[in-house]
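Encoded as structure tokens, the structure appears first; notes follow it.
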Amino acid sequence: MEKKKAAVPLVCHGHSRPVVDLFYSPVTPDGYFLISASKDSNPMLRNGETGDWIGTFEGHKGAVWSCCLDTNALRAASGSADFSAKVWDALTGDELHSFEHKHIVRACAFSKDTHLLLTGGMEKILRVYDLNKPDVAPKELDKSPGSVRTVAWLHNDQTILSSCTDTGGVRLWDVRSEKIVQTLETKGPVTSAEVSQDGRFITTADGSSVKFWDANQ
């Protein structure tokens, strides 16, 4: 009887402190990519298939809690304990924009059309920055019941999803009215929330439970 070969994971060395967030890009003409956030303050970009290091984004002065890539993997964003969210050129590693906040930034997400950046954190405020007008003040949604832990976009950038560090449930916000239109109830605070690439499903984790939600219902 032939023995099954054990799967050997790829080990990606580089960070000097704990890794706190990972994000895979969609598949692009150049492949797909992985960005990692760490308490060492240096987000790293890797080849998503091989794990090979591509580059490090240098500029934050505190732990980086969140990271993401835009749809085309041409820009990266990061949220940090240095009270800033930064946007980077994913090809050169250059810093494109730095958006100052008044407290720790725990979450960030590019819109599907790549024109907007959504951030959230300890201030209990969601901010939407227009990357085509980076000097213009962001739109602020300030009715979050707690410190923001995760953020995401839904419904072709018409809806925002957020969860809180110390409060259960996932809130869905209408971007136009800037109001919460629905809450997906959970027993505990949601520590992770993701939207599938096709936008049809939401996956959340709270406590020892993983839940799958129909994003259209």
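Starting from 1 in every chain, residues are counted up; chains themselves are A, B, ... following the order of the structure tokens, and ligands are numbered from 1 as listed.
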With the cut-off set at 12 Å and counting only C-alpha atoms, tabulate each residue of region 155-213 of chain A with an atom at most that distance from an atom of region 23-35 of chain A, showing the nearest atom pair and its distance in Å to one decimal, ordered by chain and increasing number, as a tab-separated table.
```
residue	atom	partner	partner_atom	distance
A:Glu194	CA	A:Phe23	CA	10.2
A:Val195	CA	A:Phe23	CA	11.9
A:Ser196	CA	A:Pro26	CA	10.4
A:Gln197	CA	A:Pro26	CA	7.3
A:Asp198	CA	A:Pro26	CA	10.3
```
task: Determine which residues of region 8-210 of chain A receive a DSSP assignment of strand (DSSP E), computed from the backbone, and state them as a count of residues only.
output: 109
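Here CA of Asp174 (chain A) and CA of Leu161 (chain A) stand 9.3 Å from one another.
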Region 74-160 of chain A residues near region 54-63 of chain A within 8 Å, closest pair each, using only C-alpha atoms, as JSON lines:
```
{"residue": "A:Ser80", "atom": "CA", "partner": "A:Ala63", "partner_atom": "CA", "distance": 5.6}
{"residue": "A:Ala81", "atom": "CA", "partner": "A:Gly62", "partner_atom": "CA", "distance": 5.0}
{"residue": "A:Asp82", "atom": "CA", "partner": "A:Gly62", "partner_atom": "CA", "distance": 4.8}
{"residue": "A:Trp88", "atom": "CA", "partner": "A:Phe57", "partner_atom": "CA", "distance": 7.4}
{"residue": "A:Gly93", "atom": "CA", "partner": "A:Phe57", "partner_atom": "CA", "distance": 5.6}
{"residue": "A:Asp94", "atom": "CA", "partner": "A:Phe57", "partner_atom": "CA", "distance": 7.5}
{"residue": "A:Glu95", "atom": "CA", "partner": "A:Gly59", "partner_atom": "CA", "distance": 7.8}
```
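Excluding Leu22 (chain A) itself and same-chain residues fewer than 4 positions from it, the residues having an atom within 9 Å of it are Leu34, Ile35, Ser36, Ala37, Ser66, Cys67 and Cys68 of chain A, counting only C-alpha atoms.
One finds CA of Val148 (chain A) at 13.2 Å from CA of Trp173 (chain A).
Distances from A:Ala6, A:Ile125, A:Leu184, A:Val11 to Val105 (chain A) were compared using only C-alpha atoms, and the smallest one belongs to A:Ile125.
Minimum atom-to-atom distances from A:Ile202, A:Leu45, A:Val8, A:Cys164 to Leu91 (chain A) were compared using only C-alpha atoms, and the lowest value belongs to A:Leu45.
Using only C-alpha atoms, the nearest neighbour of Pro43 (chain A) within the list A:Lys4, A:His155, A:Lys86, A:His115 is A:Lys86.
Of the listed residues A:Asn216, A:Gln182, A:Thr119, A:Thr167, the one whose atoms come nearest to Leu154 (chain A) is A:Asn216, with distances taken using only C-alpha atoms.
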Non-local contacts of region 126-138 of chain A (8 Å; only C-alpha atoms; under 2 positions in same chain excluded) as a PyMOL selection string: chain A and resi 97+115-121+124+140-142+144+148
